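*Asks:* Next comes my_file_7.txt, compact mmCIF, C-alpha atoms:
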```txt
# COMPACT_ATOMS: atom_id res chain seq x y z
CA MET A 3 86.60 128.75 21.71
CA LYS A 4 83.83 126.63 20.18
CA ILE A 5 82.32 127.06 16.72
CA LYS A 6 79.69 125.22 14.68
CA PHE A 7 79.34 125.05 10.91
CA HIS A 8 76.20 124.20 8.96
CA THR A 9 77.08 123.58 5.31
CA LEU A 10 74.45 123.22 2.61
CA GLY A 11 74.61 122.55 -1.11
CA CYS A 12 77.55 121.75 -3.34
CA ARG A 13 81.03 120.41 -2.73
CA LEU A 14 82.45 123.90 -3.24
CA ASN A 15 80.74 124.96 -0.04
CA PHE A 16 82.18 121.98 1.84
CA PHE A 17 85.67 122.83 0.59
CA GLU A 18 85.24 126.45 1.63
CA THR A 19 83.90 125.46 5.04
CA ASP A 20 87.02 123.34 5.58
CA GLY A 21 89.08 126.36 4.55
CA MET A 22 87.36 128.74 6.96
CA TYR A 23 87.67 126.30 9.82
CA SER A 24 91.36 125.66 9.13
CA VAL A 25 92.10 129.36 9.74
CA LEU A 26 90.18 129.34 13.02
CA ARG A 27 91.50 125.96 14.19
CA ASP A 28 95.06 127.20 13.86
CA ARG A 29 94.19 130.04 16.23
CA GLY A 30 92.59 128.04 19.02
CA PHE A 31 89.05 127.29 17.82
CA SER A 32 87.55 123.81 17.92
CA LEU A 33 84.31 122.32 16.61
CA ALA A 34 81.44 122.08 19.07
CA GLN A 35 79.74 118.71 19.26
CA ALA A 36 76.01 118.32 18.56
CA GLU A 37 74.80 119.07 22.10
CA GLU A 38 77.66 121.37 23.00
CA GLU A 39 77.27 125.15 23.17
CA ALA A 40 79.16 127.26 20.63
CA GLN A 41 80.09 130.91 20.82
CA TYR A 42 80.09 131.28 17.02
CA ILE A 43 78.01 129.63 14.30
CA VAL A 44 78.55 129.84 10.54
CA VAL A 45 75.82 128.82 8.08
CA ASN A 46 77.24 128.29 4.58
CA THR A 47 74.20 128.51 2.31
CA CYS A 48 73.01 127.28 -1.09
CA THR A 49 70.43 128.89 -3.39
CA VAL A 50 70.04 126.41 -6.24
CA THR A 51 66.26 126.04 -5.67
CA ASN A 52 63.44 127.69 -3.72
CA LYS A 53 63.48 124.65 -1.46
CA ALA A 54 67.15 125.35 -0.68
CA ASP A 55 66.28 128.94 0.27
CA VAL A 56 63.60 127.71 2.68
CA LYS A 57 66.03 125.20 4.19
CA ASN A 58 68.64 127.94 4.62
CA ARG A 59 66.23 130.11 6.58
CA ASN A 60 65.02 127.22 8.74
CA ILE A 61 68.58 126.20 9.67
CA ILE A 62 69.52 129.81 10.46
CA ARG A 63 66.48 130.32 12.69
CA ASN A 64 67.02 126.98 14.42
CA ALA A 65 70.68 127.84 15.06
CA ILE A 66 69.64 131.14 16.62
CA ARG A 67 66.92 129.53 18.73
CA THR A 68 68.98 126.60 20.03
CA ASN A 69 72.18 128.58 20.67
CA PRO A 70 71.14 131.66 22.64
CA GLY A 71 73.96 134.14 22.91
CA ALA A 72 75.95 132.71 20.02
CA LYS A 73 76.97 135.00 17.18
CA VAL A 74 75.50 133.63 13.96
CA TYR A 75 77.16 134.47 10.63
CA VAL A 76 75.66 133.59 7.24
CA THR A 77 77.69 133.17 4.06
CA GLY A 78 77.47 131.37 0.73
CA CYS A 79 75.32 131.72 -2.38
CA TYR A 80 72.09 132.78 -0.65
CA ALA A 81 74.06 135.40 1.26
CA GLU A 82 75.38 136.69 -2.06
CA THR A 83 72.02 136.98 -3.83
CA ASP A 84 69.63 137.83 -0.96
CA LYS A 85 71.72 139.64 1.62
CA GLU A 86 68.96 141.98 2.81
CA ILE A 87 66.57 139.11 3.57
CA LEU A 88 69.18 137.50 5.81
CA GLN A 89 70.19 140.73 7.49
CA ASN A 90 66.57 141.22 8.54
CA ILE A 91 66.43 137.91 10.46
CA PRO A 92 66.70 138.82 14.18
CA GLY A 93 69.75 137.14 15.66
CA VAL A 94 71.92 137.12 12.52
CA PHE A 95 75.15 138.87 13.48
CA GLY A 96 76.74 139.20 10.03
CA VAL A 97 76.15 138.29 6.38
CA PHE A 98 79.08 137.62 4.01
CA GLY A 99 78.54 136.75 0.35
CA ASN A 100 80.79 134.45 -1.65
CA THR A 101 83.05 137.34 -2.62
CA GLU A 102 83.65 138.02 1.11
CA LYS A 103 83.70 134.42 2.36
CA SER A 104 87.48 134.07 2.62
CA ALA A 105 87.58 137.12 4.91
CA LEU A 106 84.93 135.76 7.32
CA PRO A 107 87.25 133.74 9.60
CA TYR A 108 89.40 136.84 10.13
CA LYS A 109 86.29 138.85 11.03
CA ILE A 110 85.40 136.20 13.61
CA LEU A 111 88.93 136.31 15.04
CA GLU A 112 88.77 140.09 15.35
CA ASP A 113 85.40 139.89 17.10
CA TRP A 114 86.70 137.25 19.49
CA GLU A 115 89.87 139.21 20.30
CA GLY A 116 88.09 142.56 20.39
CA LYS A 117 90.56 144.31 18.14
CA GLU A 118 91.74 144.42 14.54
CA THR A 119 94.88 142.38 14.84
CA HIS A 120 94.66 140.57 11.53
CA PRO A 121 95.77 142.52 8.47
CA HIS A 122 93.20 142.71 5.71
CA LYS A 123 95.34 141.11 3.04
CA ILE A 124 93.96 140.54 -0.44
CA LEU A 125 91.76 137.45 -0.33
CA ASP A 126 90.23 135.93 -3.46
CA ARG A 127 87.93 132.98 -4.11
CA PHE A 128 90.88 130.58 -3.85
CA SER A 129 92.25 131.86 -0.55
CA TYR A 130 91.85 128.45 1.08
CA SER A 131 95.23 126.78 1.03
CA ASP A 132 96.69 123.81 2.90
CA VAL A 133 93.20 122.61 3.81
CA LEU A 134 93.08 119.10 5.22
CA PRO A 135 89.66 117.43 5.45
CA GLU A 136 87.91 117.76 8.79
CA GLY A 137 85.95 114.69 9.83
CA HIS A 138 86.06 112.90 6.47
CA THR A 139 88.61 110.95 4.46
CA ARG A 140 88.35 112.77 1.13
CA ALA A 141 89.50 116.30 0.46
CA TYR A 142 87.70 118.75 -1.79
CA LEU A 143 90.04 120.85 -3.94
CA LYS A 144 88.53 123.94 -5.56
CA ILE A 145 90.12 124.62 -8.94
CA GLN A 146 87.46 126.83 -10.53
CA ASP A 147 84.58 129.09 -9.53
CA GLY A 148 81.80 130.97 -11.30
CA CYS A 149 80.09 130.24 -14.60
CA ASN A 150 79.86 131.90 -18.00
CA ARG A 151 76.94 129.77 -19.16
CA LYS A 152 73.52 131.37 -19.43
CA CYS A 153 71.11 128.53 -18.66
CA SER A 154 67.67 130.11 -18.49
CA TYR A 155 66.69 128.56 -15.14
CA CYS A 156 69.93 129.03 -13.18
CA LYS A 157 70.69 131.56 -10.46
CA ILE A 158 74.24 130.36 -9.80
CA PRO A 159 76.03 132.90 -12.07
CA ALA A 160 74.47 135.64 -9.93
CA ALA A 161 75.65 133.87 -6.78
CA ARG A 162 79.14 132.86 -7.93
CA GLY A 163 79.97 135.39 -10.68
CA LEU A 164 81.74 134.76 -13.96
CA GLY A 165 84.23 131.94 -14.38
CA VAL A 166 87.65 132.21 -12.71
CA SER A 167 90.38 129.59 -12.37
CA ARG A 168 92.90 128.80 -9.69
CA ASN A 169 96.57 129.12 -10.63
CA TYR A 170 97.89 125.93 -12.23
CA ASN A 171 100.96 125.62 -9.99
CA ASP A 172 98.92 126.40 -6.87
CA VAL A 173 96.63 123.47 -7.69
CA LEU A 174 99.58 121.11 -8.13
CA ASP A 175 101.15 122.33 -4.89
CA GLN A 176 97.91 121.65 -3.05
CA VAL A 177 97.64 118.16 -4.55
CA LYS A 178 101.18 117.42 -3.34
CA TYR A 179 100.32 118.76 0.12
CA LEU A 180 97.21 116.60 0.42
CA GLN A 181 99.00 113.51 -0.83
CA ASP A 182 101.95 114.08 1.51
CA ASN A 183 99.48 114.28 4.41
CA GLY A 184 97.93 110.92 3.59
CA VAL A 185 94.64 112.08 2.05
CA GLY A 186 93.40 109.11 0.06
CA GLU A 187 90.94 110.82 -2.26
CA ILE A 188 91.06 114.32 -3.73
CA GLN A 189 87.86 115.50 -5.32
CA LEU A 190 88.22 118.34 -7.80
CA THR A 191 85.41 120.85 -7.43
CA GLY A 192 84.16 123.89 -9.29
CA VAL A 193 80.98 125.34 -10.73
CA ASN A 194 82.11 124.33 -14.23
CA LEU A 195 85.27 122.20 -14.08
CA GLY A 196 85.72 121.80 -17.82
CA TRP A 197 85.84 125.58 -18.27
CA TYR A 198 89.16 125.76 -16.36
CA ARG A 199 91.53 128.27 -17.98
CA LEU A 200 95.31 128.70 -17.87
CA GLU A 201 96.79 132.10 -17.07
CA ASN A 202 97.02 132.92 -20.78
CA GLY A 203 93.27 132.44 -21.09
CA GLU A 204 93.43 129.16 -23.00
CA LYS A 205 91.35 126.15 -21.98
CA GLY A 206 93.48 124.08 -19.64
CA PHE A 207 91.39 121.46 -17.86
CA LEU A 208 93.02 118.50 -19.60
CA ASN A 209 96.47 120.08 -19.12
CA LEU A 210 95.74 120.38 -15.40
CA LEU A 211 94.58 116.78 -15.15
CA GLU A 212 97.75 115.60 -16.89
CA GLY A 213 99.85 117.59 -14.43
CA ILE A 214 97.98 116.14 -11.45
CA LEU A 215 98.23 112.56 -12.69
CA LYS A 216 102.01 112.88 -13.09
CA ILE A 217 102.46 113.52 -9.36
CA LEU A 218 99.89 111.05 -7.98
CA GLU A 219 101.43 108.06 -6.25
CA TYR A 220 99.16 107.40 -3.29
CA SER A 221 96.06 109.58 -3.60
CA ARG A 222 93.37 109.13 -6.21
CA ILE A 223 91.31 111.89 -7.86
CA ARG A 224 87.62 112.15 -8.55
CA LEU A 225 85.68 114.76 -10.54
CA SER A 226 82.68 116.27 -8.77
CA SER A 227 80.64 117.06 -11.89
CA ILE A 228 81.38 117.75 -15.54
CA GLU A 229 79.26 119.37 -18.26
CA PRO A 230 78.30 117.17 -21.27
CA PRO A 231 80.33 119.10 -23.90
CA ASP A 232 83.49 118.51 -21.84
CA VAL A 233 83.16 114.71 -21.96
CA GLY A 234 85.30 113.67 -24.92
CA PRO A 235 88.13 111.33 -25.93
CA GLY A 236 90.79 113.47 -24.24
CA LEU A 237 89.17 113.29 -20.80
CA LEU A 238 88.16 109.65 -21.16
CA ASP A 239 91.68 108.56 -22.12
CA LEU A 240 93.09 110.34 -19.06
CA MET A 241 90.52 108.56 -16.89
CA LYS A 242 92.11 105.22 -17.76
CA HIS A 243 94.92 106.16 -15.33
CA PRO A 244 94.83 103.83 -12.28
CA ARG A 245 94.62 106.78 -9.82
CA PHE A 246 91.63 108.36 -11.62
CA CYS A 247 88.28 107.27 -10.18
CA LYS A 248 85.97 105.64 -12.71
CA PHE A 249 83.10 107.96 -11.89
CA LEU A 250 81.35 110.69 -13.86
CA HIS A 251 78.46 112.90 -12.87
CA ILE A 252 77.16 114.52 -16.07
CA PRO A 253 74.00 116.66 -15.75
CA ILE A 254 71.49 116.06 -18.54
CA GLN A 255 68.62 118.18 -17.06
CA SER A 256 66.23 116.99 -19.82
CA GLY A 257 66.10 114.44 -22.61
CA SER A 258 63.86 116.63 -24.78
CA ARG A 259 65.42 118.65 -27.58
CA LYS A 260 62.81 121.42 -27.17
CA VAL A 261 63.15 121.66 -23.40
CA LEU A 262 66.95 121.73 -23.61
CA LYS A 263 66.68 124.58 -26.10
CA ASP A 264 64.33 126.48 -23.76
CA MET A 265 66.75 125.82 -20.91
CA ARG A 266 69.56 127.26 -23.06
CA ARG A 267 71.66 124.15 -22.62
CA THR A 268 74.46 123.84 -25.18
CA TYR A 269 73.74 120.31 -26.47
CA HIS A 270 70.89 118.15 -27.73
CA PRO A 271 69.87 114.58 -26.78
CA ASP A 272 71.65 112.88 -29.69
CA ALA A 273 74.96 114.60 -28.88
CA PHE A 274 74.53 113.70 -25.21
CA ARG A 275 73.88 110.07 -26.12
CA THR A 276 77.04 109.92 -28.26
CA ARG A 277 79.22 111.18 -25.41
CA ILE A 278 77.74 108.80 -22.84
CA GLU A 279 78.08 105.79 -25.14
CA LEU A 280 81.72 106.70 -25.80
CA ALA A 281 82.38 106.98 -22.05
CA LYS A 282 80.88 103.55 -21.37
CA GLU A 283 82.85 102.05 -24.26
CA LYS A 284 86.20 103.43 -23.08
CA LEU A 285 85.64 102.86 -19.35
CA PRO A 286 83.88 99.56 -18.52
CA ASN A 287 82.04 99.55 -15.16
CA LEU A 288 82.05 103.38 -15.14
CA PHE A 289 79.62 104.76 -12.56
CA LEU A 290 77.43 107.37 -14.26
CA GLY A 291 75.31 109.87 -12.34
CA THR A 292 73.24 112.75 -13.65
CA ASP A 293 70.97 115.66 -12.67
CA VAL A 294 67.44 116.00 -14.02
CA ILE A 295 65.01 118.91 -13.70
CA VAL A 296 61.34 117.97 -14.05
CA GLY A 297 58.39 120.31 -14.46
CA PHE A 298 60.18 122.95 -16.52
CA PRO A 299 57.49 125.32 -17.89
CA SER A 300 57.62 123.89 -21.42
CA GLU A 301 57.90 120.22 -20.42
CA THR A 302 54.84 118.27 -21.54
CA GLU A 303 54.09 114.70 -20.47
CA LEU A 304 55.48 113.51 -23.81
CA GLU A 305 58.76 115.36 -23.24
CA PHE A 306 58.98 114.00 -19.71
CA GLN A 307 58.64 110.49 -21.13
CA GLU A 308 61.37 111.27 -23.67
CA THR A 309 63.68 112.14 -20.79
CA LYS A 310 62.77 108.99 -18.91
CA GLN A 311 63.35 106.78 -21.94
CA LEU A 312 66.77 108.29 -22.62
CA LEU A 313 67.83 107.76 -19.00
CA VAL A 314 66.85 104.10 -19.25
CA GLU A 315 68.64 103.58 -22.55
CA LEU A 316 71.87 105.18 -21.35
CA GLY A 317 71.95 103.14 -18.15
CA PHE A 318 72.80 105.73 -15.52
CA ALA A 319 73.60 104.33 -12.09
CA LYS A 320 72.09 107.21 -10.11
CA LEU A 321 69.73 110.12 -10.78
CA HIS A 322 69.52 113.39 -8.84
CA VAL A 323 66.03 114.72 -9.54
CA PHE A 324 64.82 118.26 -8.86
CA PRO A 325 61.40 119.83 -9.38
CA TYR A 326 61.66 123.07 -11.33
CA SER A 327 61.28 126.22 -9.25
CA VAL A 328 61.21 129.77 -10.52
CA ARG A 329 64.39 131.64 -9.63
CA LYS A 330 64.17 135.41 -9.42
CA GLY A 331 66.23 137.26 -12.01
CA THR A 332 66.56 134.32 -14.44
CA THR A 333 65.36 134.29 -18.04
CA ALA A 334 62.95 131.46 -17.28
CA GLU A 335 61.19 133.63 -14.70
CA SER A 336 59.21 135.12 -17.61
CA PHE A 337 58.02 131.64 -18.63
CA GLY A 338 55.82 131.40 -15.55
CA ASP A 339 55.25 128.18 -13.62
CA PRO A 340 52.32 126.45 -15.34
CA ILE A 341 52.90 122.87 -14.18
CA PRO A 342 51.10 122.14 -10.86
CA GLY A 343 53.15 121.15 -7.85
CA ASP A 344 51.41 117.77 -7.57
CA GLU A 345 52.39 116.94 -11.14
CA LYS A 346 56.00 117.93 -10.49
CA LYS A 347 56.01 115.72 -7.41
CA ARG A 348 54.64 112.79 -9.44
CA ARG A 349 57.42 113.19 -12.00
CA VAL A 350 60.07 113.44 -9.27
CA LEU A 351 58.82 110.25 -7.60
CA ASP A 352 58.65 108.48 -10.96
CA LEU A 353 62.30 109.25 -11.71
CA MET A 354 63.42 108.48 -8.17
CA SER A 355 61.84 105.04 -8.55
CA LEU A 356 63.66 104.70 -11.85
CA SER A 357 66.91 105.73 -10.14
CA SER A 358 66.48 102.90 -7.65
CA THR A 359 65.87 100.43 -10.48
CA LEU A 360 68.88 101.65 -12.44
CA HIS A 361 71.12 101.54 -9.36
CA ASN A 362 70.05 97.97 -8.62
CA LYS A 363 70.80 97.00 -12.21
CA TYR A 364 74.25 98.57 -12.01
CA ALA A 365 74.85 96.78 -8.71
CA GLU A 366 74.06 93.42 -10.30
CA SER A 367 76.62 94.11 -13.03
CA VAL A 368 79.51 94.51 -10.57
CA ILE A 369 78.85 91.54 -8.27
CA GLY A 370 81.91 89.31 -8.24
CA LYS A 371 84.26 92.06 -9.41
CA SER A 372 87.15 93.57 -7.44
CA TYR A 373 87.96 97.22 -6.85
CA GLU A 374 90.19 99.47 -4.78
CA ALA A 375 88.27 100.95 -1.83
CA ILE A 376 88.95 103.46 0.92
CA LEU A 377 87.71 103.05 4.50
CA GLU A 378 85.68 106.06 5.61
CA SER A 379 85.12 107.31 9.13
CA ASP A 380 81.62 105.81 9.35
CA GLY A 381 83.00 102.31 8.79
CA ARG A 382 81.89 102.08 5.18
CA PHE A 383 84.11 101.47 2.19
CA VAL A 384 83.89 103.51 -1.04
CA THR A 385 85.36 102.13 -4.24
CA ASP A 386 86.79 104.24 -7.05
CA ASN A 387 83.56 103.70 -9.02
CA TYR A 388 81.47 104.86 -6.06
CA LEU A 389 80.20 101.60 -4.64
CA LYS A 390 79.46 101.93 -0.92
CA GLY A 391 79.26 99.15 1.62
CA ARG A 392 80.71 97.20 4.51
CA LEU A 393 82.83 94.10 5.02
CA ALA A 394 81.20 90.70 5.36
CA ASP A 395 83.86 89.67 7.90
CA SER A 396 83.48 92.21 10.71
CA PHE A 397 86.45 90.88 12.68
CA ARG A 398 88.80 91.92 9.86
CA PHE A 399 87.57 95.49 10.25
CA ASP A 400 89.43 95.94 13.56
CA THR A 401 92.79 95.63 11.85
CA LEU A 402 92.11 98.48 9.40
CA GLN A 403 92.45 102.23 9.81
CA THR A 404 90.25 105.05 8.56
CA GLY A 405 91.55 106.36 5.25
CA GLN A 406 93.30 103.09 4.41
CA PHE A 407 93.13 101.66 0.87
CA VAL A 408 92.14 98.00 0.53
CA ASP A 409 91.21 95.77 -2.39
CA VAL A 410 87.68 94.45 -2.05
CA ARG A 411 85.40 92.11 -3.97
CA CYS A 412 81.69 92.78 -4.35
CA LEU A 413 79.97 89.80 -2.77
CA ASP A 414 76.38 90.98 -2.56
CA TYR A 415 74.09 93.99 -2.75
CA LYS A 416 71.28 94.70 -0.31
CA PRO A 417 68.62 97.04 -1.74
CA ALA A 418 66.90 99.49 0.60
CA LYS A 419 63.52 101.19 0.37
CA ASP A 420 63.56 104.92 -0.52
CA ARG A 421 67.37 105.13 -0.52
CA GLU A 422 70.45 103.52 -1.98
CA GLY A 423 71.24 100.04 -0.84
CA GLU A 424 74.56 98.81 0.48
CA PHE A 425 77.18 96.48 -0.89
CA VAL A 426 78.72 93.62 1.04
CA PHE A 427 82.46 93.42 0.40
CA GLY A 428 85.08 90.81 1.03
CA LEU A 429 88.80 91.56 1.27
CA THR A 430 90.86 90.22 -1.60
CA LEU A 431 94.15 88.67 -0.60
```
Write the structure described by the file as structure tokens, please.
*Replies:*
Amino acid sequence: MKIKFHTLGCRLNFFETDGMYSVLRDRGFSLAQAEEEAQYIVVNTCTVTNKADVKNRNIIRNAIRTNPGAKVYVTGCYAETDKEILQNIPGVFGVFGNTEKSALPYKILEDWEGKETHPHKILDRFSYSDVLPEGHTRAYLKIQDGCNRKCSYCKIPAARGLGVSRNYNDVLDQVKYLQDNGVGEIQLTGVNLGWYRLENGEKGFLNLLEGILKILEYSRIRLSSIEPPDVGPGLLDLMKHPRFCKFLHIPIQSGSRKVLKDMRRTYHPDAFRTRIELAKEKLPNLFLGTDVIVGFPSETELEFQETKQLLVELGFAKLHVFPYSVRKGTTAESFGDPIPGDEKKRRVLDLMSLSSTLHNKYAESVIGKSYEAILESDGRFVTDNYLKGRLADSFRFDTLQTGQFVDVRCLDYKPAKDREGEFVFGLTL
């Protein structure tokens, strides 16, 4: 039985897609190739922006059109917040929100077999165990879900609910399982990683990291994203461990004190600067990424320039830039949307150009340095500090296997127009 998955959005969705497929794969399903017909299709959606909603609908309609007769299921954040819209699309067979996602593979099995043969056991948001990565060399490990923050622009709490944490021992068991099965990189994912709580309700993210690091021998860990208030000496000292990737993605959203206040973010630019400078001091060659929202209703040109200047001064290696879009049901919905679309686009392009400049500058700083890298399935190598590239000596490539760790030296960097460039690596002997 053939099935296709279309996964949009965050790393949580990719982890959960792997989890859904693992259930079906164990019962005889296999992934359909690009041109191959599938009897079932699952679209795992995102709803972080209006653009994401449009993309969801386009992918769903295209899946229905190009796979006549297939049963199309929709799940994910958009399915949680806008279920009726999706149910009204002709050709959608079923809609399952995030709270129902772990039950979806069993629903597909029952439809395929024509009878209810699978007991409806209690399934929660962490009911994806023993999930090995499908088609990629890194595994996503979900340790937390939901968010208790109340950022004025964000729809995610409505899509994911309040914060919940995976059992401490379950996380460690899964890390052991992935490491024992040769997974080179384990990426910890969650809506708000630093919020992670122990069973007694106390904050436990650093405790969890300490527990993970004690059992790592082969695999390395990477954090998907971390909120600014959670970047402190405790985390940074743990990141000095040789199996901890020297990579942090810390969303700033704005460099303006006023805009951050209107966004209901829980920090101001000076505090953000202090944390970033401490991270760079403790972890040389740290790769720093961030998210920025431009065109927020109260963002003037002056405040946009404040954001741009702060990004330059802090020396991020990569920027993810999003134009503000009004999200139904958020506090910021009442602010209106006064900044024209053309102006938002100009600010996006301005920061994307800056991102390219900053990335090139970071690339120059690592030329000649050596790092541990993992060979991915597309033939590229990814270092612990997120440098991506290929070997200068192609004949050496034939002796290596996907997922293998090698020590590489950065020989050169080749910039590319409108996208990240690529490093040229040499093997260190």
*Asks:* Would you mind telling me which residue in A:Lys282, A:Arg392, A:Lys57, A:Arg245 lies nearest to Leu218 (chain A) when using only C-alpha atoms?
*Replies:*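 The shortest atom-to-atom distance to Leu218 (chain A) comes from A:Arg245.
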*Asks:* Report, as JSON, the axis-aligned box around all atoms of region 419-426 of chain A present in the file, extended by 8 Å on each side; give centre and edge lengths in Å to one decimal place.
*Replies:*
```
{"center_x": 71.1, "center_y": 99.4, "center_z": -0.5, "size_x": 31.2, "size_y": 27.5, "size_z": 19.0}
```
*Asks:* If I take CA of Ala36 (chain A) and CA of Val74 (chain A), how far is one from the other in Å, to one decimal?
*Replies:*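 Result for CA of Ala36 (chain A) versus CA of Val74 (chain A): 16.0 Å, one decimal.
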*Asks:* Do you have the CA of Leu402 (chain A)-CA of Leu377 (chain A) distance handy?
*Replies:*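 If I compute the distance from CA of Leu402 (chain A) to CA of Leu377 (chain A), I get 8.0 Å.
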*Asks:* Could you pull the residues within 12 Å of Val173 (chain A), counting only C-alpha atoms, minus those fewer than 4 positions along the same chain, as number ranges by chain?
*Replies:* A: 128-132, 142-146, 167-169, 177-180, 188, 190-191, 198, 200, 207, 209-211, 213-214, 217
*Asks:* Could you check which of A:Val294, A:Ile376, A:Val94, A:Leu33 is closest to Tyr388 (chain A), using all atoms listed in the file?
*Replies:*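 Distance minimum relative to Tyr388 (chain A) lands on A:Ile376.
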*Asks:* Within 9 Å of region 261-276 of chain A, counting all atoms listed in the file, which residues show up once you throw out same-chain ones fewer than 6 positions away? Write them as a VMD selection string, please.
*Replies:* chain A and resid 151 to 156 230 to 231 254 to 255 298 to 301 305 309 312 316 334
*Asks:* Please identify all polymer residues within 12 Å of region 416-422 of chain A, counting all atoms listed in the file, omitting same-chain residues fewer than 4 positions from it, and present them as a list in words.
*Replies:*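 Counting only the stated atoms, we get Ala319, Lys320, Leu321, His322, Leu351, Met354, Ser355, Leu356, Ser357, Ser358, Thr359, Leu360, His361, Asn362, Lys363, Tyr364, Ala365, Glu366, Ile369, Tyr388, Leu389, Lys390, Gly391, Arg392, Cys412, Val426 and Phe427 of chain A.
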*Asks:* Those same residues, written as a PDB file, in the frame of the given file with C-alpha atoms?
*Replies:*
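Done, and the output landed in part.pdb:
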```pdb
ATOM      1  CA  ALA A 319      73.600 104.330 -12.090  1.00  0.00           C
ATOM      2  CA  LYS A 320      72.090 107.210 -10.110  1.00  0.00           C
ATOM      3  CA  LEU A 321      69.730 110.120 -10.780  1.00  0.00           C
ATOM      4  CA  HIS A 322      69.520 113.390  -8.840  1.00  0.00           C
ATOM      5  CA  LEU A 351      58.820 110.250  -7.600  1.00  0.00           C
ATOM      6  CA  MET A 354      63.420 108.480  -8.170  1.00  0.00           C
ATOM      7  CA  SER A 355      61.840 105.040  -8.550  1.00  0.00           C
ATOM      8  CA  LEU A 356      63.660 104.700 -11.850  1.00  0.00           C
ATOM      9  CA  SER A 357      66.910 105.730 -10.140  1.00  0.00           C
ATOM     10  CA  SER A 358      66.480 102.900  -7.650  1.00  0.00           C
ATOM     11  CA  THR A 359      65.870 100.430 -10.480  1.00  0.00           C
ATOM     12  CA  LEU A 360      68.880 101.650 -12.440  1.00  0.00           C
ATOM     13  CA  HIS A 361      71.120 101.540  -9.360  1.00  0.00           C
ATOM     14  CA  ASN A 362      70.050  97.970  -8.620  1.00  0.00           C
ATOM     15  CA  LYS A 363      70.800  97.000 -12.210  1.00  0.00           C
ATOM     16  CA  TYR A 364      74.250  98.570 -12.010  1.00  0.00           C
ATOM     17  CA  ALA A 365      74.850  96.780  -8.710  1.00  0.00           C
ATOM     18  CA  GLU A 366      74.060  93.420 -10.300  1.00  0.00           C
ATOM     19  CA  ILE A 369      78.850  91.540  -8.270  1.00  0.00           C
ATOM     20  CA  TYR A 388      81.470 104.860  -6.060  1.00  0.00           C
ATOM     21  CA  LEU A 389      80.200 101.600  -4.640  1.00  0.00           C
ATOM     22  CA  LYS A 390      79.460 101.930  -0.920  1.00  0.00           C
ATOM     23  CA  GLY A 391      79.260  99.150   1.620  1.00  0.00           C
ATOM     24  CA  ARG A 392      80.710  97.200   4.510  1.00  0.00           C
ATOM     25  CA  CYS A 412      81.690  92.780  -4.350  1.00  0.00           C
ATOM     26  CA  VAL A 426      78.720  93.620   1.040  1.00  0.00           C
ATOM     27  CA  PHE A 427      82.460  93.420   0.400  1.00  0.00           C
TER      28      PHE A 427
END
```
*Asks:* Pick from A:Lys205, A:Gly96, A:Arg329, A:Thr101: nearest to Lys157 (chain A), with only C-alpha atoms counted?
*Replies:*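 Counting only C-alpha atoms, the residue closest to Lys157 (chain A) is A:Arg329.
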*Asks:* Can you pull out the residues contacting Lys85 (chain A)? Cut-off 7 Å, using all atoms listed in the file, and skip same-chain residues under 4 positions away; I want them as number ranges by chain.
*Replies:* A: 81, 89, 97
*Asks:* Mind checking which residues fall within 10 Å of Glu374 (chain A), counting all atoms listed in the file, ignoring those fewer than 5 positions away in the same chain, and posting them as a list of chain:residue names?
*Replies:*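 Selected residues are A:Pro244, A:Arg245, A:Cys247, A:Phe383, A:Val384, A:Thr385, A:Asp386, A:Asn387, A:Phe407, A:Val408, A:Asp409, A:Val410, A:Arg411, A:Thr430.
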*Asks:* Is there a way to get, as number ranges by chain, all residues within 7 Å of the point (81.7, 116.2, -12.4) in file coordinates, counting only C-alpha atoms?
*Replies:* A: 225-228, 250-252
*Asks:* Please identify all polymer residues lying at most 10 Å from the point (82.6, 131.7, -13.3) (file coordinates), using all atoms listed in the file, and present the result as a list in words.
*Replies:*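 Selection result: Gln146, Asp147, Gly148, Cys149, Asn150, Arg151, Ile158, Pro159, Ala160, Ala161, Arg162, Gly163, Leu164, Gly165, Val166, Ser167, Gly192, Val193, Asn194, Leu195, Trp197 and Tyr198 of chain A.
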*Asks:* Would you save the residues of that selection, restricted to C-alpha atoms, as an mmCIF file, keeping the file's coordinate frame?
*Replies:*
```cif
data_model
loop_
_atom_site.group_PDB
_atom_site.id
_atom_site.type_symbol
_atom_site.label_atom_id
_atom_site.label_comp_id
_atom_site.auth_asym_id
_atom_site.auth_seq_id
_atom_site.Cartn_x
_atom_site.Cartn_y
_atom_site.Cartn_z
ATOM 1 C CA GLN A 146 87.460 126.830 -10.530
ATOM 2 C CA ASP A 147 84.580 129.090 -9.530
ATOM 3 C CA GLY A 148 81.800 130.970 -11.300
ATOM 4 C CA CYS A 149 80.090 130.240 -14.600
ATOM 5 C CA ASN A 150 79.860 131.900 -18.000
ATOM 6 C CA ARG A 151 76.940 129.770 -19.160
ATOM 7 C CA ILE A 158 74.240 130.360 -9.800
ATOM 8 C CA PRO A 159 76.030 132.900 -12.070
ATOM 9 C CA ALA A 160 74.470 135.640 -9.930
ATOM 10 C CA ALA A 161 75.650 133.870 -6.780
ATOM 11 C CA ARG A 162 79.140 132.860 -7.930
ATOM 12 C CA GLY A 163 79.970 135.390 -10.680
ATOM 13 C CA LEU A 164 81.740 134.760 -13.960
ATOM 14 C CA GLY A 165 84.230 131.940 -14.380
ATOM 15 C CA VAL A 166 87.650 132.210 -12.710
ATOM 16 C CA SER A 167 90.380 129.590 -12.370
ATOM 17 C CA GLY A 192 84.160 123.890 -9.290
ATOM 18 C CA VAL A 193 80.980 125.340 -10.730
ATOM 19 C CA ASN A 194 82.110 124.330 -14.230
ATOM 20 C CA LEU A 195 85.270 122.200 -14.080
ATOM 21 C CA TRP A 197 85.840 125.580 -18.270
ATOM 22 C CA TYR A 198 89.160 125.760 -16.360
#
```
